[in-house]
Every structure is written in structure tokens, then in C-alpha cells.
Amino acid sequence: KTFEVVLILGYFRPLTYFLSIIKYLSHDYKIGVYIVNIPQDQYKKNIKSNALFIKRCCEFGATILENEKIKTNLLLIPQNTYTKIAQNDINNNIVARKKIGILGFAWPGIKKHDQFVSIFKLNKFFSIDKNFTKFLLENRNAKTFDKKIIIETGLPFQKYPIFDDVS
């Protein structure tokens, strides 16, 4: 299977922007959401919400993928702590022409969250707020992102709302 864009879905809560990406781009691009293993405690407490999130991804036009060989032009990997199962799944099953890491808002510079950089061999990143990311990295004396490309994206919700009527 081949896709233009594949989004890695582990723990869904910090990834609500996926819905905007899928809703507004799936008419022009073939988008896959690749589900990976997450720690059991995260899964147990969010099983219903996670299922609803996946359902909404499908409704907005994504193809749900799991534990299968795929190819993609662009792989977006959110910053997170990935289980060994998830790491192997991504590295062994997904061939990507380009890979971009998506930084968590307040996670850059925290060693356990920065490990995804080396695990997935990432050199380019999207950041909600580049100045805040730089502030965190300087104050945490983190060197992980030295000589890496960080692109500010903001959040898509105002320009690309998930729901037409929030009420």
C-alpha cells in the first residue's frame, strides 16, 4: 500500500490536529493513520475515546493502518515515548521518502521525549511555537535539536476547524 501522507497514531490526546490535517487534505491526498502500540495503562483509561478518535479519522477520509508494510511520501511522527513494539513496527514496516517529527508543545528538551529523534533518524521537525521550543531547549540545556531544522506551524484549528459548529 502506498500513501502520500501517513500519520503515526499512538496516544491520541495530543494529536487532535490530525483531524484538521485529514479533513482538509484527504480530498487531494491519500492519507493513512498508522496505529502503533501504546502502554497498556494509556490504552485502558482511554479505550472509548481512542476508538471515537479513530472513527472520526475514518469519517474525515483517512485509511486506518496497523502492523503492515506500507510506503509513503511523507511520514509524520509525533514526539512521544514509543514502546519497543511501536519502534520496531514503524522502523520495519514503513518506508518513507521524507520523515518529519512533530514536537509536543512542552516536551522538547526532556530526554525521554527526545529519544524519538534518534530512534527514527529525524532531522526536520514541526513546532507549534518555534520561539517557545528554543526557550525550552536552551533552559533545559538540550542539544538534541542542534543542527536540526525546526519549522513553526502553529495550530490549525482557527483556519481549519475540525467541526463547523462547536456547540
# chains A, B, ... in the order shown; residues from 1 in each chain; ligands from 1
>>> residues_around(residues="stretch 150-159 of chain A", least_positions_apart="4", cutoff="8 Å", atoms="only C-alpha atoms", output="PDB file with C-alpha atoms, in the first residue's frame")
ATOM      1  CA  TYR A  17      -4.660  18.378  14.962  1.00  0.00           C
ATOM      2  CA  SER A  20      -7.738  19.014  10.697  1.00  0.00           C
ATOM      3  CA  LYS A 124      13.294  18.015  10.438  1.00  0.00           C
ATOM      4  CA  PHE A 125      10.548  18.986  12.894  1.00  0.00           C
ATOM      5  CA  PHE A 126       7.314  20.888  13.099  1.00  0.00           C
ATOM      6  CA  SER A 127       6.806  23.041  16.194  1.00  0.00           C
ATOM      7  CA  ILE A 128       3.673  24.823  17.372  1.00  0.00           C
ATOM      8  CA  ASP A 129       5.786  27.764  18.588  1.00  0.00           C
ATOM      9  CA  LYS A 130       9.430  27.867  17.497  1.00  0.00           C
TER      10      LYS A 130
END
>>> residues_around(residues="stretch 27-44 of chain A", least_positions_apart="3", cutoff="9 Å", atoms="only C-alpha atoms", output="ChimeraX atom specification")
/A:2-11,18,22-24,47-48,50,54,57-58,61-68,72,81-87,89-90
>>> write_last_selection(atoms="N, CA and C atoms", output="tab-separated table (two decimals), in the first residue's frame")
chain	number	residue	atom	x	y	z
A	2	THR	N	0.46	2.24	-0.75
A	2	THR	CA	1.21	3.48	-0.86
A	2	THR	C	0.31	4.67	-0.54
A	3	PHE	N	0.88	5.64	0.19
A	3	PHE	CA	0.13	6.82	0.61
A	3	PHE	C	0.98	8.06	0.38
A	4	GLU	N	0.31	9.21	0.21
A	4	GLU	CA	1.04	10.47	0.13
A	4	GLU	C	1.50	10.89	1.52
A	5	VAL	N	0.62	10.73	2.51
A	5	VAL	CA	0.92	11.14	3.89
A	5	VAL	C	0.49	10.02	4.84
A	6	VAL	N	1.35	9.72	5.81
A	6	VAL	CA	0.99	8.79	6.87
A	6	VAL	C	1.27	9.47	8.20
A	7	LEU	N	0.29	9.41	9.08
A	7	LEU	CA	0.38	9.98	10.42
A	7	LEU	C	0.49	8.84	11.42
A	8	ILE	N	1.47	8.90	12.31
A	8	ILE	CA	1.63	7.86	13.33
A	8	ILE	C	0.72	8.19	14.51
A	9	LEU	N	-0.12	7.23	14.86
A	9	LEU	CA	-1.06	7.43	15.98
A	9	LEU	C	-0.72	6.46	17.10
A	10	GLY	N	-0.22	7.02	18.18
A	10	GLY	CA	-0.03	6.26	19.41
A	10	GLY	C	-1.10	6.74	20.38
A	11	TYR	N	-0.70	7.52	21.34
A	11	TYR	CA	-1.62	8.11	22.31
A	11	TYR	C	-2.31	9.30	21.65
A	18	PHE	N	-4.49	16.11	14.03
A	18	PHE	CA	-4.59	15.13	12.95
A	18	PHE	C	-5.93	15.27	12.24
A	22	ILE	N	-6.44	15.63	8.22
A	22	ILE	CA	-7.21	14.65	7.45
A	22	ILE	C	-8.40	15.29	6.77
A	23	LYS	N	-9.17	16.07	7.53
A	23	LYS	CA	-10.39	16.67	6.99
A	23	LYS	C	-10.10	17.56	5.78
A	24	TYR	N	-9.04	18.35	5.84
A	24	TYR	CA	-8.79	19.33	4.78
A	24	TYR	C	-7.86	18.83	3.67
A	47	ILE	N	-9.78	3.88	26.17
A	47	ILE	CA	-10.20	2.95	25.11
A	47	ILE	C	-11.38	3.49	24.30
A	48	LYS	N	-12.39	4.04	24.97
A	48	LYS	CA	-13.57	4.55	24.25
A	48	LYS	C	-13.24	5.81	23.47
A	50	ASN	N	-10.30	6.76	22.41
A	50	ASN	CA	-9.39	6.40	21.33
A	50	ASN	C	-10.15	5.83	20.13
A	54	ILE	N	-10.34	7.38	16.31
A	54	ILE	CA	-10.05	6.60	15.11
A	54	ILE	C	-11.24	6.61	14.15
A	57	CYS	N	-11.28	9.88	12.36
A	57	CYS	CA	-10.24	9.90	11.32
A	57	CYS	C	-10.76	9.24	10.04
A	58	CYS	N	-11.43	8.11	10.20
A	58	CYS	CA	-12.03	7.41	9.04
A	58	CYS	C	-13.09	8.26	8.38
A	61	GLY	N	-11.76	10.81	6.16
A	61	GLY	CA	-11.13	10.38	4.92
A	61	GLY	C	-9.82	9.63	5.02
A	62	ALA	N	-9.38	9.28	6.22
A	62	ALA	CA	-8.12	8.55	6.36
A	62	ALA	C	-8.35	7.05	6.26
A	63	THR	N	-7.31	6.35	5.86
A	63	THR	CA	-7.28	4.89	5.88
A	63	THR	C	-6.55	4.48	7.15
A	64	ILE	N	-7.15	3.61	7.93
A	64	ILE	CA	-6.53	3.15	9.17
A	64	ILE	C	-5.62	1.96	8.85
A	65	LEU	N	-4.40	2.04	9.35
A	65	LEU	CA	-3.37	1.03	9.10
A	65	LEU	C	-2.83	0.54	10.43
A	66	GLU	N	-2.38	-0.72	10.43
A	66	GLU	CA	-1.82	-1.26	11.65
A	66	GLU	C	-0.99	-2.49	11.33
A	67	ASN	N	0.26	-2.47	11.78
A	67	ASN	CA	1.14	-3.62	11.66
A	67	ASN	C	1.17	-4.20	10.24
A	68	GLU	N	1.47	-3.35	9.27
A	68	GLU	CA	1.54	-3.80	7.88
A	68	GLU	C	2.60	-3.01	7.12
A	72	THR	N	5.20	5.58	1.88
A	72	THR	CA	4.60	6.90	1.91
A	72	THR	C	5.61	7.95	1.43
A	81	THR	N	7.05	9.01	23.82
A	81	THR	CA	7.87	7.87	24.21
A	81	THR	C	7.19	6.66	23.58
A	82	TYR	N	7.90	5.98	22.71
A	82	TYR	CA	7.34	4.85	21.97
A	82	TYR	C	7.79	3.54	22.59
A	83	THR	N	6.87	2.59	22.69
A	83	THR	CA	7.23	1.27	23.18
A	83	THR	C	8.18	0.63	22.17
A	84	LYS	N	8.92	-0.37	22.60
A	84	LYS	CA	9.83	-1.10	21.69
A	84	LYS	C	9.02	-1.71	20.53
A	85	ILE	N	7.82	-2.19	20.83
A	85	ILE	CA	6.96	-2.77	19.78
A	85	ILE	C	6.64	-1.71	18.73
A	86	ALA	N	6.27	-0.51	19.19
A	86	ALA	CA	5.94	0.58	18.26
A	86	ALA	C	7.17	1.00	17.45
A	87	GLN	N	8.32	1.11	18.12
A	87	GLN	CA	9.56	1.49	17.42
A	87	GLN	C	9.87	0.51	16.29
A	89	ASP	N	7.80	-1.58	14.83
A	89	ASP	CA	6.72	-1.53	13.86
A	89	ASP	C	6.97	-0.41	12.84
A	90	ILE	N	7.25	0.78	13.33
A	90	ILE	CA	7.48	1.94	12.45
A	90	ILE	C	8.74	1.73	11.61
>>> closest_residue(among="A:Leu15, A:Val117, A:Ile149, A:Ile70", to="A:Val95", atoms="only C-alpha atoms")
A:Ile70
>>> residues_around(residues="A:Gly101", least_positions_apart="4", cutoff="6 Å", atoms="only C-alpha atoms", output="PyMOL selection string")
chain A and resi 76-78+125
>>> select_by_dssp(residues="stretch 5-163 of chain A", states="alpha helix (DSSP H)", output="PDB file with N, CA, C and O atoms, in the first residue's frame")
ATOM      1  N   TYR A  17      -4.903  17.677  16.228  1.00  0.00           N
ATOM      2  CA  TYR A  17      -4.660  18.378  14.962  1.00  0.00           C
ATOM      3  C   TYR A  17      -4.661  17.418  13.776  1.00  0.00           C
ATOM      4  O   TYR A  17      -4.829  17.839  12.644  1.00  0.00           O
ATOM      5  N   PHE A  18      -4.485  16.115  14.029  1.00  0.00           N
ATOM      6  CA  PHE A  18      -4.588  15.132  12.953  1.00  0.00           C
ATOM      7  C   PHE A  18      -5.927  15.267  12.237  1.00  0.00           C
ATOM      8  O   PHE A  18      -6.014  15.092  11.029  1.00  0.00           O
ATOM      9  N   LEU A  19      -6.984  15.560  13.004  1.00  0.00           N
ATOM     10  CA  LEU A  19      -8.316  15.653  12.406  1.00  0.00           C
ATOM     11  C   LEU A  19      -8.399  16.781  11.382  1.00  0.00           C
ATOM     12  O   LEU A  19      -9.020  16.623  10.331  1.00  0.00           O
ATOM     13  N   SER A  20      -7.765  17.915  11.666  1.00  0.00           N
ATOM     14  CA  SER A  20      -7.738  19.014  10.697  1.00  0.00           C
ATOM     15  C   SER A  20      -6.953  18.616   9.449  1.00  0.00           C
ATOM     16  O   SER A  20      -7.377  18.885   8.328  1.00  0.00           O
ATOM     17  N   ILE A  21      -5.810  17.976   9.648  1.00  0.00           N
ATOM     18  CA  ILE A  21      -4.991  17.541   8.509  1.00  0.00           C
ATOM     19  C   ILE A  21      -5.807  16.618   7.609  1.00  0.00           C
ATOM     20  O   ILE A  21      -5.863  16.796   6.389  1.00  0.00           O
ATOM     21  N   ILE A  22      -6.442  15.633   8.223  1.00  0.00           N
ATOM     22  CA  ILE A  22      -7.208  14.654   7.447  1.00  0.00           C
ATOM     23  C   ILE A  22      -8.403  15.295   6.768  1.00  0.00           C
ATOM     24  O   ILE A  22      -8.624  15.112   5.564  1.00  0.00           O
ATOM     25  N   LYS A  23      -9.165  16.072   7.531  1.00  0.00           N
ATOM     26  CA  LYS A  23     -10.387  16.675   6.987  1.00  0.00           C
ATOM     27  C   LYS A  23     -10.104  17.562   5.777  1.00  0.00           C
ATOM     28  O   LYS A  23     -10.839  17.532   4.788  1.00  0.00           O
ATOM     29  N   TYR A  24      -9.038  18.346   5.837  1.00  0.00           N
ATOM     30  CA  TYR A  24      -8.786  19.326   4.780  1.00  0.00           C
ATOM     31  C   TYR A  24      -7.856  18.835   3.673  1.00  0.00           C
ATOM     32  O   TYR A  24      -7.789  19.469   2.617  1.00  0.00           O
ATOM     33  N   LEU A  25      -7.163  17.734   3.875  1.00  0.00           N
ATOM     34  CA  LEU A  25      -6.241  17.260   2.846  1.00  0.00           C
ATOM     35  C   LEU A  25      -6.640  15.933   2.197  1.00  0.00           C
ATOM     36  O   LEU A  25      -6.125  15.591   1.141  1.00  0.00           O
ATOM     37  N   GLN A  40      -0.156  -0.095  28.082  1.00  0.00           N
ATOM     38  CA  GLN A  40      -1.480  -0.604  28.438  1.00  0.00           C
ATOM     39  C   GLN A  40      -2.260   0.357  29.320  1.00  0.00           C
ATOM     40  O   GLN A  40      -3.473   0.490  29.167  1.00  0.00           O
ATOM     41  N   ASP A  41      -1.594   1.055  30.253  1.00  0.00           N
ATOM     42  CA  ASP A  41      -2.310   1.974  31.140  1.00  0.00           C
ATOM     43  C   ASP A  41      -2.932   3.139  30.361  1.00  0.00           C
ATOM     44  O   ASP A  41      -4.041   3.573  30.665  1.00  0.00           O
ATOM     45  N   GLN A  42      -2.242   3.647  29.332  1.00  0.00           N
ATOM     46  CA  GLN A  42      -2.804   4.710  28.494  1.00  0.00           C
ATOM     47  C   GLN A  42      -3.992   4.185  27.703  1.00  0.00           C
ATOM     48  O   GLN A  42      -5.000   4.867  27.559  1.00  0.00           O
ATOM     49  N   TYR A  43      -3.861   2.987  27.192  1.00  0.00           N
ATOM     50  CA  TYR A  43      -4.919   2.400  26.380  1.00  0.00           C
ATOM     51  C   TYR A  43      -6.173   2.129  27.216  1.00  0.00           C
ATOM     52  O   TYR A  43      -7.276   2.479  26.822  1.00  0.00           O
ATOM     53  N   LYS A  44      -6.001   1.520  28.397  1.00  0.00           N
ATOM     54  CA  LYS A  44      -7.142   1.148  29.244  1.00  0.00           C
ATOM     55  C   LYS A  44      -7.989   2.349  29.632  1.00  0.00           C
ATOM     56  O   LYS A  44      -9.211   2.303  29.580  1.00  0.00           O
ATOM     57  N   LYS A  45      -7.351   3.440  30.035  1.00  0.00           N
ATOM     58  CA  LYS A  45      -8.119   4.590  30.518  1.00  0.00           C
ATOM     59  C   LYS A  45      -8.721   5.423  29.381  1.00  0.00           C
ATOM     60  O   LYS A  45      -9.516   6.303  29.630  1.00  0.00           O
ATOM     61  N   ILE A  47      -9.776   3.875  26.169  1.00  0.00           N
ATOM     62  CA  ILE A  47     -10.201   2.952  25.112  1.00  0.00           C
ATOM     63  C   ILE A  47     -11.385   3.486  24.297  1.00  0.00           C
ATOM     64  O   ILE A  47     -11.379   3.439  23.074  1.00  0.00           O
ATOM     65  N   LYS A  48     -12.387   4.039  24.969  1.00  0.00           N
ATOM     66  CA  LYS A  48     -13.565   4.547  24.249  1.00  0.00           C
ATOM     67  C   LYS A  48     -13.244   5.812  23.466  1.00  0.00           C
ATOM     68  O   LYS A  48     -13.657   5.957  22.314  1.00  0.00           O
ATOM     69  N   SER A  49     -12.500   6.717  24.088  1.00  0.00           N
ATOM     70  CA  SER A  49     -12.145   7.966  23.406  1.00  0.00           C
ATOM     71  C   SER A  49     -11.221   7.701  22.230  1.00  0.00           C
ATOM     72  O   SER A  49     -11.341   8.325  21.173  1.00  0.00           O
ATOM     73  N   ASN A  50     -10.300   6.764  22.406  1.00  0.00           N
ATOM     74  CA  ASN A  50      -9.388   6.401  21.329  1.00  0.00           C
ATOM     75  C   ASN A  50     -10.155   5.829  20.135  1.00  0.00           C
ATOM     76  O   ASN A  50      -9.892   6.182  18.985  1.00  0.00           O
ATOM     77  N   ALA A  51     -11.118   4.959  20.417  1.00  0.00           N
ATOM     78  CA  ALA A  51     -11.940   4.370  19.346  1.00  0.00           C
ATOM     79  C   ALA A  51     -12.733   5.456  18.618  1.00  0.00           C
ATOM     80  O   ALA A  51     -12.864   5.424  17.392  1.00  0.00           O
ATOM     81  N   LEU A  52     -13.256   6.415  19.360  1.00  0.00           N
ATOM     82  CA  LEU A  52     -14.010   7.522  18.758  1.00  0.00           C
ATOM     83  C   LEU A  52     -13.093   8.369  17.868  1.00  0.00           C
ATOM     84  O   LEU A  52     -13.479   8.776  16.772  1.00  0.00           O
ATOM     85  N   PHE A  53     -11.868   8.616  18.338  1.00  0.00           N
ATOM     86  CA  PHE A  53     -10.906   9.383  17.558  1.00  0.00           C
ATOM     87  C   PHE A  53     -10.586   8.671  16.238  1.00  0.00           C
ATOM     88  O   PHE A  53     -10.587   9.287  15.171  1.00  0.00           O
ATOM     89  N   ILE A  54     -10.344   7.379  16.311  1.00  0.00           N
ATOM     90  CA  ILE A  54     -10.045   6.597  15.106  1.00  0.00           C
ATOM     91  C   ILE A  54     -11.242   6.610  14.150  1.00  0.00           C
ATOM     92  O   ILE A  54     -11.084   6.776  12.943  1.00  0.00           O
ATOM     93  N   LYS A  55     -12.429   6.484  14.696  1.00  0.00           N
ATOM     94  CA  LYS A  55     -13.646   6.529  13.880  1.00  0.00           C
ATOM     95  C   LYS A  55     -13.752   7.869  13.140  1.00  0.00           C
ATOM     96  O   LYS A  55     -14.067   7.918  11.953  1.00  0.00           O
ATOM     97  N   ARG A  56     -13.443   8.948  13.856  1.00  0.00           N
ATOM     98  CA  ARG A  56     -13.514  10.286  13.248  1.00  0.00           C
ATOM     99  C   ARG A  56     -12.453  10.425  12.154  1.00  0.00           C
ATOM    100  O   ARG A  56     -12.718  11.017  11.110  1.00  0.00           O
ATOM    101  N   CYS A  57     -11.277   9.877  12.360  1.00  0.00           N
ATOM    102  CA  CYS A  57     -10.239   9.897  11.317  1.00  0.00           C
ATOM    103  C   CYS A  57     -10.758   9.240  10.037  1.00  0.00           C
ATOM    104  O   CYS A  57     -10.563   9.765   8.941  1.00  0.00           O
ATOM    105  N   CYS A  58     -11.434   8.112  10.199  1.00  0.00           N
ATOM    106  CA  CYS A  58     -12.025   7.405   9.043  1.00  0.00           C
ATOM    107  C   CYS A  58     -13.095   8.259   8.376  1.00  0.00           C
ATOM    108  O   CYS A  58     -13.127   8.372   7.145  1.00  0.00           O
ATOM    109  N   GLU A  59     -13.973   8.831   9.177  1.00  0.00           N
ATOM    110  CA  GLU A  59     -15.060   9.655   8.634  1.00  0.00           C
ATOM    111  C   GLU A  59     -14.520  10.843   7.853  1.00  0.00           C
ATOM    112  O   GLU A  59     -15.120  11.270   6.876  1.00  0.00           O
ATOM    113  N   LYS A  84       8.922  -0.373  22.601  1.00  0.00           N
ATOM    114  CA  LYS A  84       9.826  -1.100  21.685  1.00  0.00           C
ATOM    115  C   LYS A  84       9.025  -1.715  20.529  1.00  0.00           C
ATOM    116  O   LYS A  84       9.485  -1.730  19.391  1.00  0.00           O
ATOM    117  N   ILE A  85       7.819  -2.189  20.832  1.00  0.00           N
ATOM    118  CA  ILE A  85       6.962  -2.766  19.784  1.00  0.00           C
ATOM    119  C   ILE A  85       6.644  -1.710  18.732  1.00  0.00           C
ATOM    120  O   ILE A  85       6.744  -1.955  17.530  1.00  0.00           O
ATOM    121  N   ALA A  86       6.272  -0.512  19.186  1.00  0.00           N
ATOM    122  CA  ALA A  86       5.943   0.576  18.257  1.00  0.00           C
ATOM    123  C   ALA A  86       7.171   1.000  17.455  1.00  0.00           C
ATOM    124  O   ALA A  86       7.082   1.237  16.243  1.00  0.00           O
ATOM    125  N   GLN A  87       8.318   1.105  18.116  1.00  0.00           N
ATOM    126  CA  GLN A  87       9.556   1.488  17.419  1.00  0.00           C
ATOM    127  C   GLN A  87       9.867   0.510  16.290  1.00  0.00           C
ATOM    128  O   GLN A  87      10.148   0.932  15.165  1.00  0.00           O
ATOM    129  N   ASN A  88       9.804  -0.763  16.600  1.00  0.00           N
ATOM    130  CA  ASN A  88      10.091  -1.784  15.588  1.00  0.00           C
ATOM    131  C   ASN A  88       9.053  -1.776  14.473  1.00  0.00           C
ATOM    132  O   ASN A  88       9.391  -1.941  13.301  1.00  0.00           O
ATOM    133  N   ASP A  89       7.803  -1.578  14.835  1.00  0.00           N
ATOM    134  CA  ASP A  89       6.719  -1.527  13.861  1.00  0.00           C
ATOM    135  C   ASP A  89       6.974  -0.413  12.840  1.00  0.00           C
ATOM    136  O   ASP A  89       6.948  -0.635  11.628  1.00  0.00           O
ATOM    137  N   ILE A  90       7.247   0.782  13.330  1.00  0.00           N
ATOM    138  CA  ILE A  90       7.479   1.937  12.452  1.00  0.00           C
ATOM    139  C   ILE A  90       8.738   1.731  11.606  1.00  0.00           C
ATOM    140  O   ILE A  90       8.718   1.910  10.383  1.00  0.00           O
ATOM    141  N   ASN A  91       9.834   1.359  12.263  1.00  0.00           N
ATOM    142  CA  ASN A  91      11.108   1.224  11.543  1.00  0.00           C
ATOM    143  C   ASN A  91      11.130   0.062  10.554  1.00  0.00           C
ATOM    144  O   ASN A  91      11.804   0.141   9.535  1.00  0.00           O
ATOM    145  N   ASN A  92      10.392  -0.997  10.843  1.00  0.00           N
ATOM    146  CA  ASN A  92      10.434  -2.179   9.977  1.00  0.00           C
ATOM    147  C   ASN A  92       9.329  -2.226   8.921  1.00  0.00           C
ATOM    148  O   ASN A  92       9.482  -2.909   7.914  1.00  0.00           O
ATOM    149  N   ASN A  93       8.224  -1.532   9.154  1.00  0.00           N
ATOM    150  CA  ASN A  93       7.076  -1.654   8.252  1.00  0.00           C
ATOM    151  C   ASN A  93       6.803  -0.439   7.375  1.00  0.00           C
ATOM    152  O   ASN A  93       6.025  -0.540   6.434  1.00  0.00           O
ATOM    153  N   LYS A 111      14.692  14.473  28.007  1.00  0.00           N
ATOM    154  CA  LYS A 111      15.440  13.366  27.414  1.00  0.00           C
ATOM    155  C   LYS A 111      14.554  12.212  26.941  1.00  0.00           C
ATOM    156  O   LYS A 111      14.691  11.745  25.807  1.00  0.00           O
ATOM    157  N   LYS A 112      13.640  11.743  27.785  1.00  0.00           N
ATOM    158  CA  LYS A 112      12.833  10.579  27.389  1.00  0.00           C
ATOM    159  C   LYS A 112      11.917  10.888  26.204  1.00  0.00           C
ATOM    160  O   LYS A 112      11.600  10.007  25.426  1.00  0.00           O
ATOM    161  N   HIS A 113      11.516  12.142  26.061  1.00  0.00           N
ATOM    162  CA  HIS A 113      10.670  12.518  24.926  1.00  0.00           C
ATOM    163  C   HIS A 113      11.491  12.825  23.675  1.00  0.00           C
ATOM    164  O   HIS A 113      10.973  12.763  22.566  1.00  0.00           O
ATOM    165  N   ASP A 114      12.751  13.172  23.857  1.00  0.00           N
ATOM    166  CA  ASP A 114      13.612  13.485  22.719  1.00  0.00           C
ATOM    167  C   ASP A 114      14.221  12.248  22.068  1.00  0.00           C
ATOM    168  O   ASP A 114      14.793  12.335  20.990  1.00  0.00           O
ATOM    169  N   PHE A 116      12.916   9.965  20.456  1.00  0.00           N
ATOM    170  CA  PHE A 116      12.330   9.639  19.156  1.00  0.00           C
ATOM    171  C   PHE A 116      13.173  10.176  17.995  1.00  0.00           C
ATOM    172  O   PHE A 116      13.109   9.664  16.887  1.00  0.00           O
ATOM    173  N   VAL A 117      13.980  11.206  18.256  1.00  0.00           N
ATOM    174  CA  VAL A 117      14.837  11.793  17.222  1.00  0.00           C
ATOM    175  C   VAL A 117      15.823  10.745  16.689  1.00  0.00           C
ATOM    176  O   VAL A 117      15.933  10.544  15.481  1.00  0.00           O
ATOM    177  N   SER A 118      16.509  10.089  17.588  1.00  0.00           N
ATOM    178  CA  SER A 118      17.490   9.084  17.155  1.00  0.00           C
ATOM    179  C   SER A 118      16.825   7.766  16.767  1.00  0.00           C
ATOM    180  O   SER A 118      17.270   7.102  15.829  1.00  0.00           O
ATOM    181  N   ILE A 119      15.770   7.391  17.447  1.00  0.00           N
ATOM    182  CA  ILE A 119      15.076   6.133  17.144  1.00  0.00           C
ATOM    183  C   ILE A 119      14.598   6.111  15.691  1.00  0.00           C
ATOM    184  O   ILE A 119      14.708   5.105  15.003  1.00  0.00           O
ATOM    185  N   LYS A 130       7.981  28.053  17.609  1.00  0.00           N
ATOM    186  CA  LYS A 130       9.430  27.867  17.497  1.00  0.00           C
ATOM    187  C   LYS A 130      10.193  28.603  18.597  1.00  0.00           C
ATOM    188  O   LYS A 130      11.158  28.078  19.147  1.00  0.00           O
ATOM    189  N   ASN A 131       9.775  29.818  18.930  1.00  0.00           N
ATOM    190  CA  ASN A 131      10.461  30.569  19.985  1.00  0.00           C
ATOM    191  C   ASN A 131      10.333  29.873  21.333  1.00  0.00           C
ATOM    192  O   ASN A 131      11.282  29.823  22.112  1.00  0.00           O
ATOM    193  N   PHE A 132       9.147  29.329  21.623  1.00  0.00           N
ATOM    194  CA  PHE A 132       8.960  28.604  22.878  1.00  0.00           C
ATOM    195  C   PHE A 132       9.804  27.328  22.888  1.00  0.00           C
ATOM    196  O   PHE A 132      10.420  26.982  23.894  1.00  0.00           O
ATOM    197  N   THR A 133       9.857  26.659  21.754  1.00  0.00           N
ATOM    198  CA  THR A 133      10.691  25.455  21.646  1.00  0.00           C
ATOM    199  C   THR A 133      12.151  25.798  21.907  1.00  0.00           C
ATOM    200  O   THR A 133      12.831  25.119  22.682  1.00  0.00           O
ATOM    201  N   LYS A 134      12.639  26.865  21.299  1.00  0.00           N
ATOM    202  CA  LYS A 134      14.035  27.281  21.518  1.00  0.00           C
ATOM    203  C   LYS A 134      14.264  27.638  22.986  1.00  0.00           C
ATOM    204  O   LYS A 134      15.298  27.291  23.556  1.00  0.00           O
ATOM    205  N   PHE A 135      13.308  28.329  23.597  1.00  0.00           N
ATOM    206  CA  PHE A 135      13.391  28.675  25.015  1.00  0.00           C
ATOM    207  C   PHE A 135      13.531  27.417  25.870  1.00  0.00           C
ATOM    208  O   PHE A 135      14.394  27.342  26.755  1.00  0.00           O
ATOM    209  N   LEU A 136      12.679  26.423  25.613  1.00  0.00           N
ATOM    210  CA  LEU A 136      12.737  25.175  26.374  1.00  0.00           C
ATOM    211  C   LEU A 136      14.081  24.479  26.200  1.00  0.00           C
ATOM    212  O   LEU A 136      14.688  24.013  27.170  1.00  0.00           O
ATOM    213  N   LEU A 137      14.547  24.399  24.964  1.00  0.00           N
ATOM    214  CA  LEU A 137      15.809  23.715  24.685  1.00  0.00           C
ATOM    215  C   LEU A 137      16.989  24.408  25.364  1.00  0.00           C
ATOM    216  O   LEU A 137      17.869  23.756  25.931  1.00  0.00           O
ATOM    217  N   GLU A 138      16.998  25.743  25.332  1.00  0.00           N
ATOM    218  CA  GLU A 138      18.081  26.492  25.990  1.00  0.00           C
ATOM    219  C   GLU A 138      18.032  26.301  27.498  1.00  0.00           C
ATOM    220  O   GLU A 138      19.058  26.064  28.132  1.00  0.00           O
ATOM    221  N   ASN A 139      16.843  26.413  28.088  1.00  0.00           N
ATOM    222  CA  ASN A 139      16.717  26.317  29.537  1.00  0.00           C
ATOM    223  C   ASN A 139      16.901  24.898  30.061  1.00  0.00           C
ATOM    224  O   ASN A 139      17.198  24.714  31.240  1.00  0.00           O
TER     225      ASN A 139
END
>>> closest_residue(among="A:Arg13, A:Thr144, A:Gln79, A:Phe120", to="A:Gly104", atoms="only C-alpha atoms")
A:Gln79
>>> select_by_dssp(residues="stretch 1-133 of chain A", states="strand (DSSP E)", output="count of residues only")
39
>>> closest_residue(among="A:Ile102, A:Asp164, A:Ser26, A:Lys1", to="A:Pro14", atoms="only C-alpha atoms")
A:Ile102
